Each structure stands twice: as structure tokens, then as C-alpha cells.
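Coordinates from my_file.cif are shown below (mmCIF, N, CA and C atoms and all ligand atoms).
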data_work
loop_
_atom_site.label_atom_id
_atom_site.label_comp_id
_atom_site.auth_asym_id
_atom_site.auth_seq_id
_atom_site.Cartn_x
_atom_site.Cartn_y
_atom_site.Cartn_z
N MET A 1 0.87 -1.20 0.00
CA MET A 1 0.00 0.00 0.00
C MET A 1 0.89 1.24 0.00
N ASN A 2 1.49 1.57 -1.15
CA ASN A 2 2.55 2.59 -1.13
C ASN A 2 2.04 4.01 -0.90
N ASP A 3 0.77 4.30 -1.15
CA ASP A 3 0.38 5.68 -0.86
C ASP A 3 -0.45 5.80 0.41
N CYS A 4 -0.30 4.84 1.30
CA CYS A 4 -0.96 4.94 2.61
C CYS A 4 -0.02 5.69 3.57
N ILE A 5 -0.51 6.80 4.09
CA ILE A 5 0.32 7.66 4.95
C ILE A 5 0.75 6.94 6.23
N PHE A 6 -0.10 6.10 6.79
CA PHE A 6 0.27 5.41 8.03
C PHE A 6 1.23 4.25 7.76
N CYS A 7 1.13 3.60 6.60
CA CYS A 7 2.16 2.62 6.23
C CYS A 7 3.50 3.34 6.11
N LYS A 8 3.50 4.54 5.55
CA LYS A 8 4.75 5.30 5.41
C LYS A 8 5.33 5.65 6.77
N ILE A 9 4.48 5.98 7.72
CA ILE A 9 4.97 6.24 9.09
C ILE A 9 5.53 4.95 9.68
N ALA A 10 4.83 3.84 9.51
CA ALA A 10 5.30 2.55 10.05
C ALA A 10 6.63 2.15 9.43
N ASN A 11 6.81 2.50 8.14
CA ASN A 11 8.07 2.16 7.43
C ASN A 11 9.15 3.22 7.57
N LYS A 12 8.84 4.29 8.35
CA LYS A 12 9.79 5.40 8.58
C LYS A 12 10.11 6.16 7.29
N GLU A 13 9.18 6.14 6.37
CA GLU A 13 9.37 6.91 5.13
C GLU A 13 8.96 8.36 5.33
N ILE A 14 8.06 8.60 6.28
CA ILE A 14 7.77 9.97 6.69
C ILE A 14 7.86 10.05 8.21
N PRO A 15 8.26 11.22 8.73
CA PRO A 15 8.52 11.30 10.17
C PRO A 15 7.24 11.36 11.01
N ALA A 16 7.36 10.90 12.22
CA ALA A 16 6.29 11.03 13.22
C ALA A 16 6.98 11.00 14.57
N LYS A 17 6.29 11.57 15.55
CA LYS A 17 6.83 11.55 16.91
C LYS A 17 6.37 10.24 17.57
N ILE A 18 7.24 9.26 17.55
CA ILE A 18 6.88 7.91 17.97
C ILE A 18 7.01 7.75 19.49
N GLU A 19 5.98 7.20 20.10
CA GLU A 19 5.96 6.97 21.56
C GLU A 19 6.20 5.52 21.91
N TYR A 20 5.82 4.62 21.01
CA TYR A 20 5.95 3.19 21.29
C TYR A 20 6.02 2.45 19.97
N GLU A 21 6.82 1.37 19.96
CA GLU A 21 6.90 0.53 18.77
C GLU A 21 7.29 -0.88 19.16
N ASP A 22 6.69 -1.87 18.52
CA ASP A 22 7.17 -3.25 18.63
C ASP A 22 6.96 -3.90 17.27
N ASP A 23 7.07 -5.23 17.21
CA ASP A 23 6.98 -5.91 15.91
C ASP A 23 5.62 -5.73 15.25
N ASP A 24 4.59 -5.53 16.05
CA ASP A 24 3.22 -5.53 15.54
C ASP A 24 2.63 -4.15 15.30
N MET A 25 3.10 -3.17 16.05
CA MET A 25 2.39 -1.88 16.07
C MET A 25 3.33 -0.71 16.27
N ILE A 26 2.77 0.47 16.07
CA ILE A 26 3.50 1.70 16.34
C ILE A 26 2.50 2.71 16.89
N ALA A 27 2.96 3.52 17.84
CA ALA A 27 2.11 4.57 18.42
C ALA A 27 2.84 5.90 18.26
N PHE A 28 2.13 6.88 17.75
CA PHE A 28 2.75 8.18 17.48
C PHE A 28 1.76 9.30 17.76
N HIS A 29 2.28 10.51 17.89
CA HIS A 29 1.45 11.67 18.20
C HIS A 29 0.66 12.11 16.97
N ASP A 30 -0.62 12.42 17.20
CA ASP A 30 -1.46 12.94 16.12
C ASP A 30 -0.95 14.33 15.71
N LEU A 31 -0.93 14.56 14.40
CA LEU A 31 -0.45 15.83 13.84
C LEU A 31 -1.35 17.00 14.25
N ASN A 32 -2.60 16.71 14.50
CA ASN A 32 -3.59 17.75 14.80
C ASN A 32 -4.31 17.38 16.10
N PRO A 33 -3.59 17.51 17.23
CA PRO A 33 -4.11 16.95 18.49
C PRO A 33 -5.41 17.60 18.96
N GLN A 34 -6.31 16.75 19.43
CA GLN A 34 -7.63 17.20 19.93
C GLN A 34 -7.68 17.20 21.45
N ALA A 35 -6.56 16.90 22.08
CA ALA A 35 -6.45 16.89 23.54
C ALA A 35 -4.95 17.02 23.85
N PRO A 36 -4.61 17.40 25.08
CA PRO A 36 -3.18 17.53 25.41
C PRO A 36 -2.38 16.25 25.12
N ILE A 37 -3.02 15.10 25.31
CA ILE A 37 -2.42 13.85 24.83
C ILE A 37 -3.33 13.28 23.76
N HIS A 38 -2.78 13.11 22.56
CA HIS A 38 -3.53 12.53 21.46
C HIS A 38 -2.57 11.67 20.65
N LEU A 39 -2.64 10.37 20.92
CA LEU A 39 -1.77 9.42 20.22
C LEU A 39 -2.59 8.55 19.29
N LEU A 40 -1.94 8.05 18.26
CA LEU A 40 -2.57 7.10 17.34
C LEU A 40 -1.82 5.78 17.42
N PHE A 41 -2.55 4.70 17.58
CA PHE A 41 -1.98 3.35 17.60
C PHE A 41 -2.39 2.64 16.32
N ILE A 42 -1.41 2.14 15.59
CA ILE A 42 -1.73 1.43 14.33
C ILE A 42 -1.01 0.08 14.30
N PRO A 43 -1.64 -0.93 13.68
CA PRO A 43 -0.87 -2.13 13.38
C PRO A 43 0.10 -1.81 12.25
N LYS A 44 1.25 -2.47 12.23
CA LYS A 44 2.18 -2.23 11.11
C LYS A 44 1.60 -2.78 9.80
N LYS A 45 0.80 -3.83 9.94
CA LYS A 45 0.17 -4.39 8.76
C LYS A 45 -0.95 -3.47 8.28
N HIS A 46 -1.03 -3.28 6.98
CA HIS A 46 -2.10 -2.43 6.44
C HIS A 46 -3.44 -3.15 6.52
N ILE A 47 -4.33 -2.62 7.36
CA ILE A 47 -5.73 -3.07 7.43
C ILE A 47 -6.54 -1.79 7.25
N GLU A 48 -7.43 -1.80 6.27
CA GLU A 48 -8.10 -0.55 5.89
C GLU A 48 -8.93 0.06 7.01
N SER A 49 -9.71 -0.76 7.68
CA SER A 49 -10.64 -0.23 8.68
C SER A 49 -11.12 -1.39 9.55
N LEU A 50 -11.85 -1.06 10.59
CA LEU A 50 -12.41 -2.11 11.47
C LEU A 50 -13.30 -3.06 10.66
N ASP A 51 -13.98 -2.51 9.68
CA ASP A 51 -14.87 -3.31 8.84
C ASP A 51 -14.13 -4.38 8.04
N LYS A 52 -12.85 -4.13 7.79
CA LYS A 52 -12.06 -5.05 6.95
C LYS A 52 -11.20 -6.01 7.78
N LEU A 53 -11.39 -5.98 9.10
CA LEU A 53 -10.59 -6.82 9.98
C LEU A 53 -11.01 -8.29 9.83
N ASN A 54 -10.04 -9.19 9.65
CA ASN A 54 -10.38 -10.61 9.66
C ASN A 54 -9.99 -11.24 11.00
N GLN A 55 -10.42 -12.47 11.21
CA GLN A 55 -10.24 -13.08 12.53
C GLN A 55 -8.76 -13.21 12.88
N GLU A 56 -7.96 -13.60 11.90
CA GLU A 56 -6.51 -13.78 12.12
C GLU A 56 -5.86 -12.48 12.57
N ASP A 57 -6.21 -11.38 11.89
CA ASP A 57 -5.60 -10.10 12.23
C ASP A 57 -6.17 -9.48 13.50
N SER A 58 -7.29 -10.02 13.97
CA SER A 58 -7.92 -9.40 15.14
C SER A 58 -7.05 -9.52 16.39
N ILE A 59 -6.11 -10.46 16.40
CA ILE A 59 -5.21 -10.62 17.55
C ILE A 59 -4.44 -9.34 17.83
N VAL A 60 -4.03 -8.66 16.77
CA VAL A 60 -3.23 -7.44 16.95
C VAL A 60 -4.04 -6.34 17.64
N ILE A 61 -5.35 -6.39 17.49
CA ILE A 61 -6.18 -5.34 18.12
C ILE A 61 -6.15 -5.50 19.64
N GLY A 62 -6.18 -6.73 20.12
CA GLY A 62 -6.04 -6.96 21.57
C GLY A 62 -4.68 -6.50 22.06
N LYS A 63 -3.64 -6.77 21.26
CA LYS A 63 -2.29 -6.32 21.63
C LYS A 63 -2.23 -4.79 21.69
N ILE A 64 -2.87 -4.15 20.73
CA ILE A 64 -2.90 -2.68 20.71
C ILE A 64 -3.60 -2.15 21.97
N PHE A 65 -4.75 -2.73 22.31
CA PHE A 65 -5.46 -2.24 23.50
C PHE A 65 -4.63 -2.45 24.77
N PHE A 66 -3.90 -3.56 24.83
CA PHE A 66 -3.03 -3.79 25.99
C PHE A 66 -1.96 -2.69 26.06
N GLN A 67 -1.34 -2.37 24.94
CA GLN A 67 -0.30 -1.33 24.95
C GLN A 67 -0.87 0.06 25.19
N ILE A 68 -2.09 0.29 24.73
CA ILE A 68 -2.75 1.56 25.05
C ILE A 68 -2.84 1.71 26.56
N SER A 69 -3.26 0.65 27.24
CA SER A 69 -3.41 0.74 28.70
C SER A 69 -2.07 0.95 29.38
N LYS A 70 -1.03 0.27 28.87
CA LYS A 70 0.31 0.43 29.45
C LYS A 70 0.83 1.85 29.26
N LEU A 71 0.69 2.36 28.03
CA LEU A 71 1.18 3.71 27.74
C LEU A 71 0.38 4.76 28.51
N ALA A 72 -0.94 4.55 28.60
CA ALA A 72 -1.78 5.47 29.37
C ALA A 72 -1.30 5.52 30.82
N GLN A 73 -0.96 4.37 31.38
CA GLN A 73 -0.43 4.34 32.75
C GLN A 73 0.88 5.11 32.83
N SER A 74 1.76 4.87 31.87
CA SER A 74 3.07 5.52 31.94
C SER A 74 2.97 7.03 31.72
N LEU A 75 1.91 7.47 31.07
CA LEU A 75 1.69 8.92 30.87
C LEU A 75 0.87 9.53 32.01
N GLY A 76 0.50 8.70 32.98
CA GLY A 76 -0.25 9.19 34.13
C GLY A 76 -1.72 9.45 33.85
N LEU A 77 -2.24 8.78 32.83
CA LEU A 77 -3.65 9.00 32.47
C LEU A 77 -4.60 8.07 33.23
N ASP A 78 -4.04 7.08 33.89
CA ASP A 78 -4.91 6.05 34.48
C ASP A 78 -5.79 6.60 35.58
N GLU A 79 -5.30 7.60 36.33
CA GLU A 79 -6.10 8.15 37.43
C GLU A 79 -7.19 9.08 36.91
N SER A 80 -6.81 9.93 35.94
CA SER A 80 -7.77 10.93 35.44
C SER A 80 -8.74 10.33 34.43
N GLY A 81 -8.32 9.27 33.75
CA GLY A 81 -9.14 8.66 32.71
C GLY A 81 -8.75 9.14 31.33
N TYR A 82 -9.28 8.48 30.35
CA TYR A 82 -8.94 8.79 28.96
C TYR A 82 -9.97 8.16 28.04
N ARG A 83 -9.84 8.42 26.77
CA ARG A 83 -10.77 7.83 25.79
C ARG A 83 -9.99 7.18 24.66
N VAL A 84 -10.51 6.03 24.20
CA VAL A 84 -9.95 5.32 23.04
C VAL A 84 -11.03 5.32 21.97
N VAL A 85 -10.66 5.75 20.76
CA VAL A 85 -11.65 5.93 19.69
C VAL A 85 -11.17 5.25 18.41
N ASN A 86 -12.11 4.57 17.78
CA ASN A 86 -11.88 4.13 16.40
C ASN A 86 -13.00 4.70 15.54
N ASN A 87 -12.64 5.42 14.52
CA ASN A 87 -13.61 5.96 13.57
C ASN A 87 -13.66 5.02 12.36
N MET A 88 -14.87 4.55 12.01
CA MET A 88 -15.01 3.62 10.89
C MET A 88 -15.88 4.23 9.81
N GLY A 89 -15.29 4.37 8.61
CA GLY A 89 -16.06 4.80 7.45
C GLY A 89 -16.51 6.25 7.52
N ALA A 90 -17.29 6.64 6.53
CA ALA A 90 -17.67 8.04 6.36
C ALA A 90 -18.44 8.59 7.56
N ASP A 91 -19.49 7.89 7.98
CA ASP A 91 -20.27 8.39 9.12
C ASP A 91 -19.48 8.35 10.42
N GLY A 92 -18.55 7.43 10.52
CA GLY A 92 -17.69 7.36 11.71
C GLY A 92 -16.65 8.45 11.75
N GLY A 93 -16.44 9.12 10.61
CA GLY A 93 -15.45 10.20 10.56
C GLY A 93 -14.05 9.73 10.22
N GLN A 94 -13.93 8.54 9.63
CA GLN A 94 -12.59 8.04 9.28
C GLN A 94 -12.05 8.83 8.09
N THR A 95 -10.83 9.32 8.25
CA THR A 95 -10.19 10.06 7.14
C THR A 95 -8.96 9.34 6.61
N VAL A 96 -8.31 8.53 7.45
CA VAL A 96 -7.14 7.76 7.00
C VAL A 96 -7.54 6.29 7.03
N TYR A 97 -7.45 5.65 5.86
CA TYR A 97 -7.92 4.27 5.74
C TYR A 97 -6.80 3.25 5.98
N HIS A 98 -6.26 3.35 7.17
CA HIS A 98 -5.37 2.34 7.77
C HIS A 98 -5.83 2.32 9.22
N ILE A 99 -6.36 1.20 9.66
CA ILE A 99 -7.02 1.15 10.97
C ILE A 99 -6.13 1.76 12.06
N HIS A 100 -6.76 2.57 12.91
CA HIS A 100 -6.01 3.22 13.99
C HIS A 100 -6.95 3.50 15.16
N PHE A 101 -6.33 3.61 16.33
CA PHE A 101 -7.06 3.88 17.56
C PHE A 101 -6.48 5.15 18.17
N HIS A 102 -7.36 6.11 18.42
CA HIS A 102 -6.96 7.37 19.05
C HIS A 102 -6.95 7.16 20.57
N LEU A 103 -5.89 7.62 21.21
CA LEU A 103 -5.86 7.71 22.68
C LEU A 103 -5.85 9.19 23.03
N LEU A 104 -6.92 9.63 23.70
CA LEU A 104 -7.09 11.04 24.04
C LEU A 104 -7.14 11.20 25.55
N GLY A 105 -6.40 12.16 26.07
CA GLY A 105 -6.43 12.35 27.51
C GLY A 105 -5.85 13.66 27.94
N LYS A 106 -5.86 13.86 29.25
CA LYS A 106 -5.38 15.07 29.93
C LYS A 106 -6.33 16.25 29.79
N ARG A 107 -7.58 15.97 29.44
CA ARG A 107 -8.66 16.97 29.58
C ARG A 107 -9.97 16.20 29.68
N PRO A 108 -10.99 16.80 30.33
CA PRO A 108 -12.29 16.12 30.35
C PRO A 108 -12.88 16.10 28.94
N LEU A 109 -13.42 14.97 28.53
CA LEU A 109 -13.97 14.82 27.18
C LEU A 109 -15.49 14.70 27.29
N THR A 110 -16.18 15.37 26.42
CA THR A 110 -17.64 15.38 26.51
C THR A 110 -18.24 14.16 25.82
N TRP A 111 -19.49 13.91 26.16
CA TRP A 111 -20.24 12.81 25.54
C TRP A 111 -21.68 13.25 25.41
N PRO A 112 -22.40 13.02 24.35
CA PRO A 112 -21.99 12.24 23.20
C PRO A 112 -21.03 13.00 22.29
N PRO A 113 -20.28 12.28 21.43
CA PRO A 113 -19.38 12.93 20.48
C PRO A 113 -20.19 13.67 19.41
N GLY A 114 -19.55 14.54 18.70
CA GLY A 114 -20.23 15.35 17.68
C GLY A 114 -20.64 14.52 16.49
P1 LIG B 1 -9.47 9.53 11.56
O1 LIG B 1 -10.26 10.76 11.27
O2 LIG B 1 -10.00 8.68 12.66
O3 LIG B 1 -9.22 8.73 10.28
O4 LIG B 1 -8.07 10.02 12.10
C1 LIG B 1 -6.96 10.31 11.31
C2 LIG B 1 -6.03 11.10 12.18
O5 LIG B 1 -4.75 11.06 11.60
C3 LIG B 1 -6.41 12.57 12.36
O6 LIG B 1 -6.59 12.85 13.73
C4 LIG B 1 -5.20 13.32 11.77
O7 LIG B 1 -4.90 14.48 12.48
C5 LIG B 1 -4.11 12.28 11.87
N1 LIG B 1 -3.02 12.40 10.91
C6 LIG B 1 -3.11 12.52 9.56
N2 LIG B 1 -1.89 12.54 9.01
C7 LIG B 1 -1.00 12.40 10.02
C8 LIG B 1 0.43 12.35 10.10
N3 LIG B 1 1.20 12.43 9.01
N4 LIG B 1 1.01 12.23 11.32
C9 LIG B 1 0.24 12.15 12.43
N5 LIG B 1 -1.11 12.17 12.42
C10 LIG B 1 -1.72 12.32 11.24
ZN ZN B 2 -1.48 1.47 5.49
#

Taking this structure as input, can you express it in the form of C-alpha cells?
Ligand code: AMP
Ligand code: ZN
Amino acid sequence: MNDCIFCKIANKEIPAKIEYEDDDMIAFHDLNPQAPIHLLFIPKKHIESLDKLNQEDSIVIGKIFFQISKLAQSLGLDESGYRVVNNMGADGGQTVYHIHFHLLGKRPLTWPPG
């Protein structure tokens, strides 16, 4: 997927402020943060969206959620709380079609979302 911006970040072809990386995933700061902490967690493998996830690849999503909780703890978000978001498709507000999870924290977040 050569013109996928998040594949390029995973392959280090374009820069990002990386907070965490392992064989399966990478976490980096959102370019346009919506909260004092706004990170994006992506699998290194290109998966278009939650809708396109197959059973085999679903294992990485559990790994991502585990690392989200670890990183949230290390950033001191565990006491104040935080939000994890996946936007799917047009109505969900997805703009980058490489599955990703937003970690937002360090401010109170309203509900329902816009
Ligand atoms: P979504 O609307 O859920 O698809 O989220 C895509 C997110 O990717 C948005 O919050 C953008 O600000 C963010 N984004 C787009 N390009 C980059 C980039 N090159 N580096 C970091 N974040 C990006
Ligand atoms: Zn991709």
C-alpha cells in the first residue's frame, strides 16, 4: 500500500513523533491533536478499517489495547481517565484508511461525540 500515509509512518518513510513501537504496532502523536495527549496506535500491517478486519488479524487489536493501557499508565492517564476511539467509514469520521485507535487524555472529554 505505497500511498498509505500510516504505512509510510510505520516504514519510517515519513517522520512522526513515535511513543511506542514493537513488531506488531507503532504509536505516534497525532499531527492535529484534539487533547493535550492525542496518540494514534496502528498495526504495522495495512488493514483498511475495522470493517475489513479478519479473525486472524484481530489478535493485533487486543495487543494494541493492551499497549494503550500500558502507555496510558506511563503517561499518568490512568487516574484521570482517557478515551480510546476508532472511527469507521464516512459516518464514523474516518479520514485515514489504515485502521487506527486514538488515545485522548489530559482533559475532560464530553459525551456524546459530535
Ligand atoms: P481519523 O479521522 O480517525 O481517520 O483520524 C486520522 C487522524 O490522523 C487525524 O486525527 C489526523 O490528524 C491524523 N493524521 C493525519 N496525518 C498524520 C500524520 N502524518 N502524522 C500524524 N497524524 C496524522
Ligand atoms: Zn497502510

Could you list the protein, DNA and RNA residues that have any atom within 5 Å of ligand LIG 1 (chain B), counting only N, CA and C atoms and all ligand atoms, and write them as an mmCIF file with N, CA and C atoms, in the coordinates of the input?
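Everything below was put into pocket08.cif:
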data_model
loop_
_atom_site.group_PDB
_atom_site.id
_atom_site.type_symbol
_atom_site.label_atom_id
_atom_site.label_comp_id
_atom_site.auth_asym_id
_atom_site.auth_seq_id
_atom_site.Cartn_x
_atom_site.Cartn_y
_atom_site.Cartn_z
ATOM 1 N N HIS A 29 2.280 10.510 17.890
ATOM 2 C CA HIS A 29 1.450 11.670 18.200
ATOM 3 C C HIS A 29 0.660 12.110 16.970
ATOM 4 N N ASP A 30 -0.620 12.420 17.200
ATOM 5 C CA ASP A 30 -1.460 12.940 16.120
ATOM 6 C C ASP A 30 -0.950 14.330 15.710
ATOM 7 N N LEU A 31 -0.930 14.560 14.400
ATOM 8 C CA LEU A 31 -0.450 15.830 13.840
ATOM 9 C C LEU A 31 -1.350 17.000 14.250
ATOM 10 N N ASN A 32 -2.600 16.710 14.500
ATOM 11 C CA ASN A 32 -3.590 17.750 14.800
ATOM 12 C C ASN A 32 -4.310 17.380 16.100
ATOM 13 N N ASN A 87 -12.640 5.420 14.520
ATOM 14 C CA ASN A 87 -13.610 5.960 13.570
ATOM 15 C C ASN A 87 -13.660 5.020 12.360
ATOM 16 N N GLY A 93 -16.440 9.120 10.610
ATOM 17 C CA GLY A 93 -15.450 10.200 10.560
ATOM 18 C C GLY A 93 -14.050 9.730 10.220
ATOM 19 N N GLN A 94 -13.930 8.540 9.630
ATOM 20 C CA GLN A 94 -12.590 8.040 9.280
ATOM 21 C C GLN A 94 -12.050 8.830 8.090
ATOM 22 N N THR A 95 -10.830 9.320 8.250
ATOM 23 C CA THR A 95 -10.190 10.060 7.140
ATOM 24 C C THR A 95 -8.960 9.340 6.610
ATOM 25 N N VAL A 96 -8.310 8.530 7.450
ATOM 26 C CA VAL A 96 -7.140 7.760 7.000
ATOM 27 C C VAL A 96 -7.540 6.290 7.030
#

Handout entry: Computed interatomic separation between atom N of Phe101 in chain A and CA of Val85 in chain A (Å)
Key =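 That distance, rounded to one decimal, is 6.7 Å.
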
Practice task
For ligand ZN 2 (chain B), list the contacting residues at 9 Å or closer, counting only C-alpha atoms and all ligand atoms, as an NGL selection string.
Solution key: :A and (1-10 or 42-48 or 96-99)

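For the atom pair formed by CA of Ala90 in chain A and atom C of His38 in chain A, the distance is 21.1 Å, given to one decimal.
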
Handout entry: Among the residues A:Ile14, A:His100, A:Gly105, A:Pro112, the one that comes closest to Leu40 in chain A [using all atoms listed in the file]
Key =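 Of A:Ile14, A:His100, A:Gly105, A:Pro112, the one nearest Leu40 in chain A, counting all atoms listed in the file, is A:His100.
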
Problem - Option closest in space to Ile61 in chain A, from A:Ser74, A:Thr110, A:Ser80, A:Ser49 [counting only C-alpha atoms] - result: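 Closest to Ile61 in chain A, using only C-alpha atoms: A:Ser49.
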
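In this model, the gap between atom N of Leu103 in chain A and atom N of Glu56 in chain A comes to 23.3 Å.
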
List the spatial neighbours of Leu109 in chain A as an mmCIF file with N, CA and C atoms, in the frame of the given file - criterion: any atom at most 8 Å away, all atoms listed in the file, same-chain residues fewer than 6 positions off excluded.
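Generated output (result11.cif):
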data_model
loop_
_atom_site.group_PDB
_atom_site.id
_atom_site.type_symbol
_atom_site.label_atom_id
_atom_site.label_comp_id
_atom_site.auth_asym_id
_atom_site.auth_seq_id
_atom_site.Cartn_x
_atom_site.Cartn_y
_atom_site.Cartn_z
ATOM 1 N N GLY A 81 -8.320 9.270 33.750
ATOM 2 C CA GLY A 81 -9.140 8.660 32.710
ATOM 3 C C GLY A 81 -8.750 9.140 31.330
ATOM 4 N N TYR A 82 -9.280 8.480 30.350
ATOM 5 C CA TYR A 82 -8.940 8.790 28.960
ATOM 6 C C TYR A 82 -9.970 8.160 28.040
ATOM 7 N N ARG A 83 -9.840 8.420 26.770
ATOM 8 C CA ARG A 83 -10.770 7.830 25.790
ATOM 9 C C ARG A 83 -9.990 7.180 24.660
#

Problem - DSSP strand (DSSP E) residues within range 10-87 of chain A, as a ChimeraX atom specification - result: /A:18-21,25-29,37-43,82-85

Exercise for the section: Taking (-2.7, 10.1, 25.4) in the file's own coordinates, collect the residues within 7 Å, counting all atoms listed in the file, and hand them back as a list in words. Expected result: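 Nearby residues: Pro36, Ile37, His38, Leu39, Leu71, Ala72, Leu103, Leu104, Gly105 and Lys106 of chain A.
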
As a PDB file with N, CA and C atoms, in the frame of the given file, please: every residue in chain A that DSSP puts in alpha helix (DSSP H).
ATOM      1  N   ILE A   5      -0.510   6.800   4.090  1.00  0.00           N
ATOM      2  CA  ILE A   5       0.320   7.660   4.950  1.00  0.00           C
ATOM      3  C   ILE A   5       0.750   6.940   6.230  1.00  0.00           C
ATOM      4  N   PHE A   6      -0.100   6.100   6.790  1.00  0.00           N
ATOM      5  CA  PHE A   6       0.270   5.410   8.030  1.00  0.00           C
ATOM      6  C   PHE A   6       1.230   4.250   7.760  1.00  0.00           C
ATOM      7  N   CYS A   7       1.130   3.600   6.600  1.00  0.00           N
ATOM      8  CA  CYS A   7       2.160   2.620   6.230  1.00  0.00           C
ATOM      9  C   CYS A   7       3.500   3.340   6.110  1.00  0.00           C
ATOM     10  N   LYS A   8       3.500   4.540   5.550  1.00  0.00           N
ATOM     11  CA  LYS A   8       4.750   5.300   5.410  1.00  0.00           C
ATOM     12  C   LYS A   8       5.330   5.650   6.770  1.00  0.00           C
ATOM     13  N   ILE A   9       4.480   5.980   7.720  1.00  0.00           N
ATOM     14  CA  ILE A   9       4.970   6.240   9.090  1.00  0.00           C
ATOM     15  C   ILE A   9       5.530   4.950   9.680  1.00  0.00           C
ATOM     16  N   ALA A  10       4.830   3.840   9.510  1.00  0.00           N
ATOM     17  CA  ALA A  10       5.300   2.550  10.050  1.00  0.00           C
ATOM     18  C   ALA A  10       6.630   2.150   9.430  1.00  0.00           C
ATOM     19  N   SER A  58      -7.290 -10.020  13.970  1.00  0.00           N
ATOM     20  CA  SER A  58      -7.920  -9.400  15.140  1.00  0.00           C
ATOM     21  C   SER A  58      -7.050  -9.520  16.390  1.00  0.00           C
ATOM     22  N   ILE A  59      -6.110 -10.460  16.400  1.00  0.00           N
ATOM     23  CA  ILE A  59      -5.210 -10.620  17.550  1.00  0.00           C
ATOM     24  C   ILE A  59      -4.440  -9.340  17.830  1.00  0.00           C
ATOM     25  N   VAL A  60      -4.030  -8.660  16.770  1.00  0.00           N
ATOM     26  CA  VAL A  60      -3.230  -7.440  16.950  1.00  0.00           C
ATOM     27  C   VAL A  60      -4.040  -6.340  17.640  1.00  0.00           C
ATOM     28  N   ILE A  61      -5.350  -6.390  17.490  1.00  0.00           N
ATOM     29  CA  ILE A  61      -6.180  -5.340  18.120  1.00  0.00           C
ATOM     30  C   ILE A  61      -6.150  -5.500  19.640  1.00  0.00           C
ATOM     31  N   GLY A  62      -6.180  -6.730  20.120  1.00  0.00           N
ATOM     32  CA  GLY A  62      -6.040  -6.960  21.570  1.00  0.00           C
ATOM     33  C   GLY A  62      -4.680  -6.500  22.060  1.00  0.00           C
ATOM     34  N   LYS A  63      -3.640  -6.770  21.260  1.00  0.00           N
ATOM     35  CA  LYS A  63      -2.290  -6.320  21.630  1.00  0.00           C
ATOM     36  C   LYS A  63      -2.230  -4.790  21.690  1.00  0.00           C
ATOM     37  N   ILE A  64      -2.870  -4.150  20.730  1.00  0.00           N
ATOM     38  CA  ILE A  64      -2.900  -2.680  20.710  1.00  0.00           C
ATOM     39  C   ILE A  64      -3.600  -2.150  21.970  1.00  0.00           C
ATOM     40  N   PHE A  65      -4.750  -2.730  22.310  1.00  0.00           N
ATOM     41  CA  PHE A  65      -5.460  -2.240  23.500  1.00  0.00           C
ATOM     42  C   PHE A  65      -4.630  -2.450  24.770  1.00  0.00           C
ATOM     43  N   PHE A  66      -3.900  -3.560  24.830  1.00  0.00           N
ATOM     44  CA  PHE A  66      -3.030  -3.790  25.990  1.00  0.00           C
ATOM     45  C   PHE A  66      -1.960  -2.690  26.060  1.00  0.00           C
ATOM     46  N   GLN A  67      -1.340  -2.370  24.940  1.00  0.00           N
ATOM     47  CA  GLN A  67      -0.300  -1.330  24.950  1.00  0.00           C
ATOM     48  C   GLN A  67      -0.870   0.060  25.190  1.00  0.00           C
ATOM     49  N   ILE A  68      -2.090   0.290  24.730  1.00  0.00           N
ATOM     50  CA  ILE A  68      -2.750   1.560  25.050  1.00  0.00           C
ATOM     51  C   ILE A  68      -2.840   1.710  26.560  1.00  0.00           C
ATOM     52  N   SER A  69      -3.260   0.650  27.240  1.00  0.00           N
ATOM     53  CA  SER A  69      -3.410   0.740  28.700  1.00  0.00           C
ATOM     54  C   SER A  69      -2.070   0.950  29.380  1.00  0.00           C
ATOM     55  N   LYS A  70      -1.030   0.270  28.870  1.00  0.00           N
ATOM     56  CA  LYS A  70       0.310   0.430  29.450  1.00  0.00           C
ATOM     57  C   LYS A  70       0.830   1.850  29.260  1.00  0.00           C
ATOM     58  N   LEU A  71       0.690   2.360  28.030  1.00  0.00           N
ATOM     59  CA  LEU A  71       1.180   3.710  27.740  1.00  0.00           C
ATOM     60  C   LEU A  71       0.380   4.760  28.510  1.00  0.00           C
ATOM     61  N   ALA A  72      -0.940   4.550  28.600  1.00  0.00           N
ATOM     62  CA  ALA A  72      -1.780   5.470  29.370  1.00  0.00           C
ATOM     63  C   ALA A  72      -1.300   5.520  30.820  1.00  0.00           C
ATOM     64  N   GLN A  73      -0.960   4.370  31.380  1.00  0.00           N
ATOM     65  CA  GLN A  73      -0.430   4.340  32.750  1.00  0.00           C
ATOM     66  C   GLN A  73       0.880   5.110  32.830  1.00  0.00           C
ATOM     67  N   SER A  74       1.760   4.870  31.870  1.00  0.00           N
ATOM     68  CA  SER A  74       3.070   5.520  31.940  1.00  0.00           C
ATOM     69  C   SER A  74       2.970   7.030  31.720  1.00  0.00           C
ATOM     70  N   LEU A  77      -2.240   8.780  32.830  1.00  0.00           N
ATOM     71  CA  LEU A  77      -3.650   9.000  32.470  1.00  0.00           C
ATOM     72  C   LEU A  77      -4.600   8.070  33.230  1.00  0.00           C
ATOM     73  N   ASP A  78      -4.040   7.080  33.890  1.00  0.00           N
ATOM     74  CA  ASP A  78      -4.910   6.050  34.480  1.00  0.00           C
ATOM     75  C   ASP A  78      -5.790   6.600  35.580  1.00  0.00           C
ATOM     76  N   GLU A  79      -5.300   7.600  36.330  1.00  0.00           N
ATOM     77  CA  GLU A  79      -6.100   8.150  37.430  1.00  0.00           C
ATOM     78  C   GLU A  79      -7.190   9.080  36.910  1.00  0.00           C
ATOM     79  N   SER A  80      -6.810   9.930  35.940  1.00  0.00           N
ATOM     80  CA  SER A  80      -7.770  10.930  35.440  1.00  0.00           C
ATOM     81  C   SER A  80      -8.740  10.330  34.430  1.00  0.00           C
ATOM     82  N   GLY A  89     -15.290   4.370   8.610  1.00  0.00           N
ATOM     83  CA  GLY A  89     -16.060   4.800   7.450  1.00  0.00           C
ATOM     84  C   GLY A  89     -16.510   6.250   7.520  1.00  0.00           C
ATOM     85  N   ALA A  90     -17.290   6.640   6.530  1.00  0.00           N
ATOM     86  CA  ALA A  90     -17.670   8.040   6.360  1.00  0.00           C
ATOM     87  C   ALA A  90     -18.440   8.590   7.560  1.00  0.00           C
ATOM     88  N   ASP A  91     -19.490   7.890   7.980  1.00  0.00           N
ATOM     89  CA  ASP A  91     -20.270   8.390   9.120  1.00  0.00           C
ATOM     90  C   ASP A  91     -19.480   8.350  10.420  1.00  0.00           C
ATOM     91  N   GLY A  92     -18.550   7.430  10.520  1.00  0.00           N
ATOM     92  CA  GLY A  92     -17.690   7.360  11.710  1.00  0.00           C
ATOM     93  C   GLY A  92     -16.650   8.450  11.750  1.00  0.00           C
TER      94      GLY A  92
END

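Minimum distance to Asn86 in chain A across A:Ile26, A:His102, A:Asn54, A:Tyr20 (counting all atoms listed in the file) occurs at A:His102.
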